[in-house]
$ cat work_14.cif   # mmCIF, C-alpha atoms
data_data
loop_
_atom_site.label_atom_id
_atom_site.label_comp_id
_atom_site.auth_asym_id
_atom_site.auth_seq_id
_atom_site.Cartn_x
_atom_site.Cartn_y
_atom_site.Cartn_z
CA MET A 1490 111.34 102.53 131.14
CA SER A 1491 111.85 101.66 127.47
CA LEU A 1492 112.68 98.10 126.45
CA LEU A 1493 114.90 99.54 123.72
CA ASP A 1494 118.42 100.84 124.23
CA ILE A 1495 117.67 104.52 123.73
CA ARG A 1496 121.38 105.33 123.68
CA VAL A 1497 121.44 103.90 120.16
CA PRO A 1498 119.70 106.13 117.59
CA ALA A 1499 117.99 104.91 114.44
CA VAL A 1500 118.58 106.15 110.90
CA LEU A 1501 115.68 105.55 108.52
CA LEU A 1502 116.79 105.40 104.89
CA ARG A 1503 114.43 105.70 101.92
CA LEU A 1504 115.60 106.33 98.36
CA ASP A 1505 112.10 106.30 96.86
CA PRO A 1506 110.87 109.93 96.79
CA ASN A 1507 107.19 108.97 97.34
CA PRO A 1508 105.77 111.59 99.77
CA PHE A 1509 102.86 109.28 100.66
CA HIS A 1510 105.03 106.46 102.03
CA HIS A 1511 103.16 105.93 105.30
CA GLY A 1512 105.57 103.18 106.35
CA THR A 1513 108.19 105.86 106.99
CA LEU A 1514 105.87 107.62 109.40
CA GLY A 1515 105.06 104.29 111.06
CA ALA A 1516 108.75 103.63 111.69
CA VAL A 1517 109.30 107.18 112.98
CA ARG A 1518 106.45 106.80 115.47
CA SER A 1519 107.31 103.26 116.54
CA LEU A 1520 110.89 104.08 117.50
CA GLY A 1521 110.22 107.65 118.61
CA ARG A 1522 107.54 106.56 121.07
CA ALA A 1523 110.06 104.16 122.59
CA GLY A 1524 112.44 107.05 123.26
CA VAL A 1525 114.87 106.39 120.40
CA ASP A 1526 116.34 109.38 118.53
CA VAL A 1527 115.03 109.01 114.97
CA HIS A 1528 116.95 110.44 112.02
CA VAL A 1529 115.32 110.35 108.56
CA VAL A 1530 117.37 110.25 105.36
CA ALA A 1531 114.72 110.69 102.67
CA ASP A 1532 113.10 113.25 100.43
CA THR A 1533 110.60 114.76 102.88
CA THR A 1534 110.26 118.14 101.16
CA ALA A 1535 106.51 117.73 100.71
CA SER A 1536 105.97 114.74 102.96
CA PRO A 1537 103.74 114.73 106.06
CA VAL A 1538 106.54 112.81 107.81
CA ARG A 1539 108.41 116.05 108.41
CA ALA A 1540 105.51 117.22 110.62
CA SER A 1541 105.89 114.34 113.09
CA ARG A 1542 107.01 115.32 116.56
CA PHE A 1543 108.99 112.07 116.81
CA VAL A 1544 111.55 113.06 114.15
CA ARG A 1545 114.84 114.02 115.77
CA ARG A 1546 116.47 115.32 112.57
CA LEU A 1547 115.87 115.28 108.82
CA HIS A 1548 118.84 114.71 106.51
CA PRO A 1549 119.05 115.28 102.73
CA PRO A 1550 118.91 111.99 100.80
CA PRO A 1551 121.25 110.91 98.01
CA ARG A 1552 120.36 112.33 94.60
CA PRO A 1553 118.02 110.27 92.39
CA GLY A 1554 119.98 107.50 90.69
CA ALA A 1555 122.89 107.90 93.09
CA SER A 1556 125.75 105.42 92.85
CA PRO A 1557 126.58 103.14 95.79
CA GLY A 1558 129.55 105.35 96.58
CA GLU A 1559 127.32 108.42 96.79
CA ILE A 1560 124.85 106.59 99.04
CA ALA A 1561 127.68 105.51 101.31
CA ALA A 1562 129.03 109.08 101.42
CA VAL A 1563 125.63 110.44 102.50
CA LEU A 1564 125.32 107.83 105.24
CA ARG A 1565 128.84 108.54 106.47
CA ARG A 1566 128.02 112.26 106.72
CA VAL A 1567 124.90 111.46 108.74
CA ALA A 1568 126.93 109.16 110.98
CA ALA A 1569 129.49 111.91 111.56
CA ARG A 1570 126.72 114.28 112.70
CA ILE A 1571 125.23 111.68 115.04
CA ALA A 1572 128.70 110.73 116.36
CA ARG A 1573 127.67 107.29 117.66
CA PRO A 1574 126.68 103.96 116.10
CA ALA A 1575 123.09 103.77 114.91
CA VAL A 1576 120.65 101.11 113.74
CA LEU A 1577 120.07 101.53 110.00
CA VAL A 1578 116.49 100.84 108.88
CA PRO A 1579 116.04 100.66 105.08
CA LEU A 1580 112.42 101.37 104.14
CA ASP A 1581 112.27 100.56 100.43
CA ASP A 1582 113.80 97.93 98.17
CA ALA A 1583 116.45 100.24 96.72
CA SER A 1584 117.76 101.22 100.16
CA ALA A 1585 117.62 97.61 101.40
CA VAL A 1586 119.69 96.45 98.42
CA ALA A 1587 122.19 99.27 98.86
CA ALA A 1588 122.51 98.84 102.63
CA ALA A 1589 123.19 95.10 102.31
CA ARG A 1590 125.85 95.62 99.67
CA LEU A 1591 127.50 98.41 101.69
CA ARG A 1592 127.27 96.62 105.04
CA GLU A 1593 131.01 96.03 105.48
CA GLU A 1594 131.83 99.59 104.45
CA LEU A 1595 129.29 101.01 106.91
CA ALA A 1596 130.01 98.57 109.75
CA SER A 1597 131.86 101.11 111.90
CA SER A 1598 128.88 103.47 111.96
CA TYR A 1599 125.74 101.37 111.52
CA LEU A 1600 124.22 98.18 112.88
CA LEU A 1601 122.78 95.85 110.21
CA PRO A 1602 121.76 92.18 110.16
CA GLN A 1603 124.49 89.73 109.17
CA GLN A 1604 123.58 87.79 106.04
CA PRO A 1605 124.92 87.25 102.48
CA ARG A 1606 125.37 90.71 101.02
CA LEU A 1607 123.50 89.93 97.80
CA LEU A 1608 120.57 88.13 99.40
CA PRO A 1609 118.22 91.15 99.68
CA GLU A 1610 118.88 91.94 96.03
CA ARG A 1611 118.25 88.35 95.06
CA VAL A 1612 114.82 88.10 96.69
CA ALA A 1613 113.71 91.59 95.65
CA ASP A 1614 114.43 90.81 91.99
CA LYS A 1615 111.26 89.26 90.53
CA VAL A 1616 113.15 86.94 88.15
CA ARG A 1617 115.52 85.73 90.86
CA LEU A 1618 112.57 85.21 93.21
CA ALA A 1619 110.99 82.73 90.80
CA GLU A 1620 114.21 80.70 90.94
CA VAL A 1621 114.35 80.93 94.72
CA CYS A 1622 110.79 79.64 95.05
CA ALA A 1623 111.42 76.77 92.66
CA ALA A 1624 114.50 75.70 94.63
CA ALA A 1625 112.70 75.92 97.98
CA GLY A 1626 109.46 74.27 96.83
CA ILE A 1627 107.40 77.40 97.46
CA PRO A 1628 104.39 77.84 95.12
CA HIS A 1629 104.95 80.74 92.72
CA PRO A 1630 103.19 81.83 89.51
CA VAL A 1631 104.76 80.40 86.35
CA THR A 1632 107.15 83.07 85.09
CA LEU A 1633 108.43 83.73 81.55
CA VAL A 1634 111.20 86.18 80.61
CA PRO A 1635 110.92 87.20 76.92
CA ASP A 1636 113.95 88.16 74.84
CA SER A 1637 112.12 90.02 72.07
CA ALA A 1638 108.82 91.76 71.34
CA ASP A 1639 107.63 88.69 69.43
CA ASP A 1640 108.60 86.49 72.37
CA ALA A 1641 106.63 88.79 74.67
CA ALA A 1642 103.53 88.36 72.52
CA ALA A 1643 104.04 84.59 72.43
CA ALA A 1644 104.33 84.47 76.23
CA THR A 1645 100.79 85.76 76.60
CA TRP A 1646 99.44 82.85 74.58
CA ARG A 1647 101.61 80.35 76.38
CA LEU A 1648 100.44 81.50 79.81
CA GLY A 1649 96.89 82.34 78.77
CA LEU A 1650 95.41 85.83 78.83
CA PRO A 1651 95.24 87.86 80.94
CA VAL A 1652 98.79 87.75 82.30
CA VAL A 1653 100.65 89.77 84.90
CA ALA A 1654 103.59 91.85 83.63
CA LYS A 1655 106.31 92.96 86.04
CA TRP A 1656 109.63 94.70 85.80
CA SER A 1657 112.26 92.53 87.42
CA ARG A 1658 113.66 95.34 89.57
CA PRO A 1659 110.70 97.62 90.28
CA TRP A 1660 112.75 100.11 92.27
CA LEU A 1661 114.38 101.17 88.98
CA VAL A 1662 111.13 102.14 87.25
CA PRO A 1663 111.33 105.92 86.68
CA ALA A 1664 108.58 108.21 87.88
CA GLY A 1665 106.56 110.31 85.49
CA ARG A 1666 106.88 108.04 82.45
CA GLY A 1667 103.58 106.21 82.75
CA LEU A 1668 105.24 102.92 83.70
CA ARG A 1669 104.00 100.86 86.63
CA SER A 1670 105.96 98.12 88.35
CA THR A 1671 103.07 95.64 87.89
CA VAL A 1672 100.23 95.63 85.36
CA VAL A 1673 97.68 93.15 84.06
CA VAL A 1674 98.12 92.64 80.30
CA ARG A 1675 95.03 91.60 78.35
CA SER A 1676 96.35 91.26 74.79
CA ALA A 1677 99.44 90.21 72.87
CA ARG A 1678 99.66 93.72 71.47
CA GLU A 1679 99.89 95.20 74.97
CA ALA A 1680 102.67 92.75 75.82
CA ARG A 1681 104.61 93.66 72.71
CA GLU A 1682 104.29 97.41 73.34
CA LEU A 1683 105.34 97.04 76.96
CA TYR A 1684 108.45 95.07 76.00
CA LEU A 1685 109.51 97.89 73.67
CA ARG A 1686 109.75 100.17 76.72
CA ALA A 1687 112.32 98.02 78.51
CA GLY A 1688 114.98 100.63 77.85
CA GLU A 1689 113.06 103.06 80.05
CA ALA A 1690 112.33 100.63 82.88
CA GLY A 1691 115.95 99.72 83.65
CA SER A 1692 115.43 95.96 84.11
CA ALA A 1693 113.98 92.88 82.44
CA LEU A 1694 110.29 92.45 81.73
CA LEU A 1695 108.66 89.23 82.89
CA PHE A 1696 105.21 87.71 82.54
CA GLN A 1697 103.43 85.57 85.11
CA THR A 1698 100.32 83.45 85.23
CA PHE A 1699 97.43 85.58 86.43
CA LEU A 1700 95.90 84.46 89.72
CA PRO A 1701 92.54 86.25 89.99
CA PRO A 1702 91.95 88.25 93.19
CA GLY A 1703 88.92 87.51 95.30
CA PRO A 1704 87.60 87.28 98.85
CA ASP A 1705 90.11 85.70 101.22
CA ARG A 1706 92.79 85.35 98.52
CA ASP A 1707 95.25 88.19 99.19
CA TRP A 1708 97.53 87.64 102.18
CA PHE A 1709 100.77 89.06 103.54
CA PHE A 1710 103.28 88.10 106.18
CA HIS A 1711 105.56 90.42 108.14
CA GLY A 1712 108.29 89.19 110.40
CA TYR A 1713 111.76 89.69 111.79
CA SER A 1714 114.31 86.91 111.42
CA ASP A 1715 116.67 87.33 114.38
CA ARG A 1716 120.36 86.49 114.71
CA THR A 1717 119.52 82.79 115.19
CA GLY A 1718 117.14 82.66 112.21
CA ILE A 1719 113.94 82.47 114.26
CA LEU A 1720 111.01 84.51 112.97
CA ARG A 1721 109.89 86.96 115.64
CA ALA A 1722 107.27 89.70 115.86
CA GLY A 1723 104.88 90.22 112.94
CA GLY A 1724 102.32 87.73 111.72
CA SER A 1725 99.99 86.94 108.83
CA GLY A 1726 97.39 89.37 107.58
CA ARG A 1727 94.55 89.45 105.10
CA LYS A 1728 94.33 92.25 102.57
CA HIS A 1729 90.75 93.57 102.37
CA LEU A 1730 91.41 96.54 100.07
CA ALA A 1731 94.31 97.32 97.74
CA TRP A 1732 95.43 100.49 96.01
CA PRO A 1733 95.46 100.24 93.02
CA ARG A 1734 92.75 97.57 93.04
CA GLY A 1735 93.92 94.01 92.61
CA ALA A 1736 97.67 94.67 92.39
CA GLY A 1737 98.62 97.38 94.84
CA LEU A 1738 99.57 98.14 98.41
CA THR A 1739 97.38 97.29 101.39
CA ALA A 1740 94.82 100.05 101.88
CA ALA A 1741 92.93 98.07 104.53
CA GLY A 1742 94.17 94.90 106.20
CA GLN A 1743 93.48 92.71 109.20
CA TRP A 1744 95.72 90.60 111.44
CA THR A 1745 94.47 87.07 110.71
CA PRO A 1746 96.42 83.99 111.85
CA ASN A 1747 97.15 81.63 108.96
CA PRO A 1748 99.34 78.61 109.79
CA GLN A 1749 99.91 77.80 106.10
CA VAL A 1750 101.24 81.26 105.31
CA ARG A 1751 103.48 81.25 108.39
CA ALA A 1752 104.85 77.82 107.51
CA LEU A 1753 105.78 79.00 104.02
CA ALA A 1754 107.52 82.07 105.46
CA GLU A 1755 109.47 79.97 107.96
CA ARG A 1756 110.52 77.46 105.30
CA LEU A 1757 111.71 80.16 102.93
CA THR A 1758 113.72 82.16 105.46
CA ALA A 1759 115.34 78.99 106.81
CA GLU A 1760 116.25 77.84 103.30
CA LEU A 1761 117.83 81.20 102.45
CA GLY A 1762 119.45 82.01 105.78
CA TYR A 1763 117.70 85.36 105.65
CA ARG A 1764 118.18 87.78 108.56
CA GLY A 1765 116.29 91.00 109.21
CA VAL A 1766 112.84 92.39 108.49
CA LEU A 1767 110.78 90.89 105.68
CA ASP A 1768 107.42 91.54 104.02
CA LEU A 1769 105.92 88.74 101.91
CA ASP A 1770 102.87 88.93 99.63
CA PHE A 1771 100.82 85.82 98.87
CA ARG A 1772 97.79 85.05 96.73
CA ARG A 1773 95.71 81.93 97.23
CA CYS A 1774 94.75 80.11 94.05
CA GLY A 1775 90.97 79.78 93.86
CA SER A 1776 91.07 76.34 92.21
CA THR A 1777 93.91 74.62 94.10
CA GLY A 1778 93.86 76.49 97.42
CA ARG A 1779 97.66 76.83 97.33
CA TYR A 1780 99.29 80.05 98.53
CA HIS A 1781 101.63 81.47 95.89
CA LEU A 1782 104.39 83.86 96.89
CA LEU A 1783 104.14 86.99 94.73
CA ASP A 1784 106.72 89.31 96.33
CA PHE A 1785 109.55 89.18 98.86
CA ASN A 1786 110.36 92.65 100.18
CA PRO A 1787 113.58 92.66 102.26
CA ARG A 1788 112.44 95.53 104.52
CA PRO A 1789 109.38 96.60 106.55
CA GLY A 1790 106.11 96.65 104.65
CA ALA A 1791 104.26 99.96 104.75
CA GLN A 1792 101.53 98.44 106.97
CA PHE A 1793 103.96 96.81 109.46
CA ARG A 1794 102.33 98.62 112.39
CA LEU A 1795 99.31 96.32 112.00
CA PHE A 1796 101.35 93.64 113.78
CA THR A 1797 101.87 95.40 117.11
CA ASP A 1798 101.51 92.95 119.99
CA SER A 1799 100.47 93.49 123.60
CA THR A 1800 103.96 94.74 124.57
CA GLY A 1801 104.12 97.22 121.67
CA LEU A 1802 106.59 95.04 119.74
CA ASP A 1803 106.60 95.33 115.94
CA VAL A 1804 109.21 94.32 113.37
CA VAL A 1805 111.05 97.66 113.48
CA ARG A 1806 111.38 97.55 117.26
CA ALA A 1807 112.41 93.89 116.98
CA LEU A 1808 115.21 94.92 114.61
CA HIS A 1809 116.47 97.58 117.04
CA LEU A 1810 116.27 95.25 120.04
CA ASP A 1811 118.06 92.37 118.31
CA LEU A 1812 120.86 94.46 116.82
CA THR A 1813 121.54 96.08 120.20
CA HIS A 1814 121.53 92.63 121.88
CA ARG A 1815 118.42 93.28 123.92
CA PRO A 1816 115.85 90.52 124.57
CA LEU A 1817 112.61 90.63 122.64
CA PRO A 1818 109.54 90.57 124.92
CA ASP A 1819 107.06 87.69 124.63
CA GLY A 1820 103.89 89.62 124.00
CA ALA A 1821 100.47 88.28 123.10
CA PRO A 1822 99.36 88.65 119.48
CA ARG A 1823 96.28 90.76 118.74
CA PRO A 1824 94.41 88.98 115.95
CA GLY A 1825 91.55 90.93 114.44
CA ARG A 1826 93.44 94.21 114.67
CA ARG A 1827 93.06 96.36 111.55
CA PHE A 1828 95.19 98.84 109.63
CA VAL A 1829 93.71 101.46 107.32
CA VAL A 1830 95.36 104.01 105.01
CA GLU A 1831 92.95 106.94 105.15
CA ASN A 1832 93.65 108.50 101.74
CA TYR A 1833 93.19 105.16 99.95
CA ALA A 1834 90.25 103.83 102.00
CA PRO A 1835 88.50 106.86 103.60
CA LEU A 1836 85.16 105.14 104.19
CA THR A 1837 86.81 102.14 105.85
CA ALA A 1838 88.69 104.52 108.12
CA LEU A 1839 85.35 105.77 109.47
CA ARG A 1840 84.03 102.33 110.41
CA ARG A 1841 84.26 100.85 113.89
CA ALA A 1842 86.92 98.21 114.58
CA PRO A 1843 86.06 96.32 117.80
CA GLU A 1844 89.41 94.45 117.93
CA GLY A 1845 91.43 97.64 117.51
CA ARG A 1846 92.75 99.63 114.60
CA GLU A 1847 95.68 101.79 113.59
CA LEU A 1848 95.45 104.52 110.99
CA ALA A 1849 98.40 105.17 108.73
CA TRP A 1850 98.45 108.97 109.12
CA TYR A 1851 96.41 110.10 112.10
CA ALA A 1852 97.53 109.45 115.69
CA ALA A 1853 96.30 111.18 118.82
CA ASP A 1854 99.84 111.57 120.19
CA ASP A 1855 101.19 112.83 116.86
CA PRO A 1856 98.34 114.74 115.19
CA ALA A 1857 100.16 117.03 112.74
CA PRO A 1858 100.91 114.51 109.92
CA GLY A 1859 97.19 113.75 109.43
CA PRO A 1860 96.10 117.23 108.26
CA ALA A 1861 99.39 117.59 106.37
CA MET A 1862 98.61 114.42 104.43
CA TRP A 1863 95.11 115.59 103.46
CA ALA A 1864 96.42 118.94 102.24
CA LEU A 1865 99.06 117.18 100.15
CA TRP A 1866 96.58 114.57 98.90
CA CYS A 1867 94.15 117.23 97.66
CA ARG A 1868 96.95 118.95 95.72
CA HIS A 1869 98.01 115.58 94.34
CA ALA A 1870 94.48 114.71 93.21
CA LEU A 1871 94.06 118.11 91.57
CA GLY A 1872 97.37 117.68 89.78
CA ARG A 1873 96.29 114.27 88.46
CA VAL A 1874 93.11 115.75 87.03
CA THR A 1875 94.86 118.65 85.33
CA GLY A 1876 97.66 116.38 84.15
CA ARG A 1877 95.21 114.24 82.19
CA LEU A 1878 94.26 117.30 80.19
CA ARG A 1879 97.83 117.83 78.97
CA PRO A 1880 99.36 115.91 76.02
CA ARG A 1881 101.55 112.99 77.07
CA PRO A 1882 105.28 113.15 76.23
CA ALA A 1883 106.55 110.89 73.45
CA PRO A 1884 108.17 107.63 74.65
CA ALA A 1885 111.95 107.62 74.90
CA PRO A 1886 113.85 105.91 72.06
CA VAL A 1887 114.09 102.17 72.56
CA GLY A 1888 117.52 100.98 73.52
CA PRO A 1889 119.23 98.41 75.70
CA ALA A 1890 118.20 98.48 79.33
CA ARG A 1891 120.75 100.22 81.53
CA PRO A 1892 120.08 99.25 85.15
CA ALA A 1893 121.43 102.34 86.88
CA HIS A 1894 120.57 101.28 90.41
CA PRO A 1895 122.16 101.28 93.85
CA SER A 1896 124.11 98.08 93.15
CA ASP A 1897 125.96 99.50 90.12
CA GLY A 1898 129.69 99.73 90.58
CA LEU A 1899 129.83 97.11 93.33
CA PRO A 1900 131.46 93.77 92.42
CA ASP A 1901 129.36 90.61 92.70
CA ARG A 1902 131.77 88.93 95.10
CA ASP A 1903 129.17 86.34 96.06
CA GLY A 1904 128.76 85.33 92.44
CA ASP A 1905 125.10 84.32 92.80
CA LEU A 1906 123.40 86.79 90.47
CA THR A 1907 123.93 85.37 87.01
CA ASP A 1908 121.63 86.45 84.19
CA LEU A 1909 118.63 84.24 83.52
CA PRO A 1910 118.63 83.00 79.89
CA ALA A 1911 116.04 84.90 77.88
CA GLY A 1912 112.78 83.11 77.31
CA ARG A 1913 113.36 80.64 80.12
CA VAL A 1914 110.53 79.50 82.36
CA ALA A 1915 111.29 80.33 85.98
CA GLY A 1916 108.89 78.70 88.39
CA PHE A 1917 106.80 75.57 88.56
CA PRO A 1918 105.94 73.01 85.86
CA ASP A 1919 103.34 73.73 83.24
CA GLU A 1920 100.59 71.81 85.04
CA GLU A 1921 100.54 74.64 87.58
CA LYS A 1922 99.37 77.05 84.89
CA ALA A 1923 96.03 75.47 84.20
CA SER A 1924 95.13 75.20 87.86
CA SER A 1925 96.06 78.77 88.78
CA ARG A 1926 94.35 80.84 86.10
#

$ encode --input "work_14.cif" --output "structure tokens"
Amino acid sequence: MSLLDIRVPAVLLRLDPNPFHHGTLGAVRSLGRAGVDVHVVADTTASPVRASRFVRRLHPPPRPGASPGEIAAVLRRVAARIARPAVLVPLDDASAVAAARLREELASSYLLPQQPRLLPERVADKVRLAEVCAAAGIPHPVTLVPDSADDAAAATWRLGLPVVAKWSRPWLVPAGRGLRSTVVVRSAREARELYLRAGEAGSALLFQTFLPPGPDRDWFFHGYSDRTGILRAGGSGRKHLAWPRGAGLTAAGQWTPNPQVRALAERLTAELGYRGVLDLDFRRCGSTGRYHLLDFNPRPGAQFRLFTDSTGLDVVRALHLDLTHRPLPDGAPRPGRRFVVENYAPLTALRRAPEGRELAWYAADDPAPGPAMWALWCRHALGRVTGRLRPRPAPAPVGPARPAHPSDGLPDRDGDLTDLPAGRVAGFPDEEKASSR
């Protein structure tokens, strides 16, 4: 008998069109194996997710760049087809931001955690996150927000090269324009050129002190903050391989208890009153040993299935159980367990894992997505090779950034998202810079 209330379906929402988002498949399998009807609202046209036997129904997603009203309309149509309340599971930052802002409007059809409606947007925004960390006393790389191309160049000298450049709202970065949400900048000229593309990116550019990667430095924490604010399920993990190297998603990770990382996660969620699933990224400074929070993702991380305890509980199941007022089982953690994304770390996927391992795409009880992924990956790799042989399109004309994102058109009733003054330092005092390079 399932621990979950299988009378309540789940609707997985993803606005990012990435066909290789293995976290979507993880959520489909986690809930589907428990007997829950799983509905997917995402672009799965070429995705291996559509091959999973645990998908109850696929629904067309909102159009790219959809307004909040359009997103709400799509979710209402899905709710009408299901004809009963469902747990809504956002799987990327854009959908998490939209779902939180639309929570009251969707309350009759969907179950969502109760928290300030702008909080997911606040922590997902890289500029706002620097302010949050400063207020909560959480270590965070020193952050500068330039207001001109000259200011961008000056920021590199102030922080010390190399520096990390990020777009404040990475979910707005358009595909196919050669822009990445995070890059390492190694010259003032690079910083200046990147700033001039702010009109394409849709949000502010910021620079952060570079914390070099290294053995035992990249960590993450996944958890579920329940209705009482207690962190349940999940745990801390160590990132062994990243894709892209040094600043990307977890290609290979291991469940590794870390009391310092957990304490930081508990302090931050308590300070914010955060409720729901969270995915935090940390990097340990090699000179000070302090763990700096790099990212706060207000939704399941793609590798959330790493933290599956002895009862089968993970953060997605915890969300469903808590929102349907079911008790969460007290399972035993499984430290040492590994998670590997086969297309990003194929050799690691072939190695033995004595403490247990989960692959992102292949599963014995759901075999079809694995071959579908490899077929798609080969086409993707071939397209990348041929694409490099074609001339690149000219950059779009520089103009003011227009953040056309899921929160457009919704009033800021909470009033807690004021603009950060350009050029301001958001983070810790300057003495942190020298110790964290």

$ residues_around --input "work_14.cif" --residues "Arg1546 of chain A" --least-positions-apart "6" --cutoff "9 Å" --atoms "all atoms listed in the file" --output "PyMOL selection string"
chain A and resi 1526-1530

$ write_last_selection --input "work_14.cif" --atoms "C-alpha atoms" --output "mmCIF file, in the frame of the given file"
data_model
loop_
_atom_site.group_PDB
_atom_site.id
_atom_site.type_symbol
_atom_site.label_atom_id
_atom_site.label_comp_id
_atom_site.auth_asym_id
_atom_site.auth_seq_id
_atom_site.Cartn_x
_atom_site.Cartn_y
_atom_site.Cartn_z
ATOM 1 C CA ASP A 1526 116.340 109.380 118.530
ATOM 2 C CA VAL A 1527 115.030 109.010 114.970
ATOM 3 C CA HIS A 1528 116.950 110.440 112.020
ATOM 4 C CA VAL A 1529 115.320 110.350 108.560
ATOM 5 C CA VAL A 1530 117.370 110.250 105.360
#

$ resolve_selection --input "work_14.cif" --expression "the PyMOL selection byres ((chain A and resi 1819-1827) around 9)" --output "PDB file with C-alpha atoms, in the frame of the given file"
ATOM      1  CA  ALA A1722     107.270  89.700 115.860  1.00  0.00           C
ATOM      2  CA  GLY A1723     104.880  90.220 112.940  1.00  0.00           C
ATOM      3  CA  GLY A1724     102.320  87.730 111.720  1.00  0.00           C
ATOM      4  CA  GLY A1726      97.390  89.370 107.580  1.00  0.00           C
ATOM      5  CA  ALA A1741      92.930  98.070 104.530  1.00  0.00           C
ATOM      6  CA  GLY A1742      94.170  94.900 106.200  1.00  0.00           C
ATOM      7  CA  GLN A1743      93.480  92.710 109.200  1.00  0.00           C
ATOM      8  CA  TRP A1744      95.720  90.600 111.440  1.00  0.00           C
ATOM      9  CA  THR A1745      94.470  87.070 110.710  1.00  0.00           C
ATOM     10  CA  PRO A1746      96.420  83.990 111.850  1.00  0.00           C
ATOM     11  CA  LEU A1795      99.310  96.320 112.000  1.00  0.00           C
ATOM     12  CA  PHE A1796     101.350  93.640 113.780  1.00  0.00           C
ATOM     13  CA  THR A1797     101.870  95.400 117.110  1.00  0.00           C
ATOM     14  CA  ASP A1798     101.510  92.950 119.990  1.00  0.00           C
ATOM     15  CA  SER A1799     100.470  93.490 123.600  1.00  0.00           C
ATOM     16  CA  THR A1800     103.960  94.740 124.570  1.00  0.00           C
ATOM     17  CA  GLY A1801     104.120  97.220 121.670  1.00  0.00           C
ATOM     18  CA  LEU A1802     106.590  95.040 119.740  1.00  0.00           C
ATOM     19  CA  LEU A1817     112.610  90.630 122.640  1.00  0.00           C
ATOM     20  CA  PRO A1818     109.540  90.570 124.920  1.00  0.00           C
ATOM     21  CA  PHE A1828      95.190  98.840 109.630  1.00  0.00           C
ATOM     22  CA  VAL A1829      93.710 101.460 107.320  1.00  0.00           C
ATOM     23  CA  ALA A1842      86.920  98.210 114.580  1.00  0.00           C
ATOM     24  CA  PRO A1843      86.060  96.320 117.800  1.00  0.00           C
ATOM     25  CA  GLU A1844      89.410  94.450 117.930  1.00  0.00           C
ATOM     26  CA  GLY A1845      91.430  97.640 117.510  1.00  0.00           C
ATOM     27  CA  ARG A1846      92.750  99.630 114.600  1.00  0.00           C
ATOM     28  CA  GLU A1847      95.680 101.790 113.590  1.00  0.00           C
ATOM     29  CA  LEU A1848      95.450 104.520 110.990  1.00  0.00           C
TER      30      LEU A1848
END

$ closest_residue --input "work_14.cif" --among "A:Ala1540, A:Ala1516, A:Ala1499, A:Ala1693" --to "Ala1857 of chain A" --atoms "all atoms listed in the file"
A:Ala1540

$ residues_around --input "work_14.cif" --residues "Arg1788 of chain A" --least-positions-apart "3" --cutoff "10 Å" --atoms "only C-alpha atoms" --output "list in words"
Val1578, Pro1579, Leu1580, Asp1581, Asp1582, Ala1583, Ser1584, Ala1585, Val1586, Pro1609, Ala1613, His1711, Gly1712, Tyr1713, Gly1765, Val1766, Leu1767, Asp1768, Leu1769, Phe1785, Ala1791, Phe1793, Val1804 and Val1805 of chain A

$ resolve_selection --input "work_14.cif" --expression "the PyMOL selection byres ((chain A and resi 1729) around 12)" --output "MDAnalysis selection string"
chainID A and resid 1702:1709 1726:1728 1730:1732 1734:1735 1737:1745 1827:1830 1834 1837
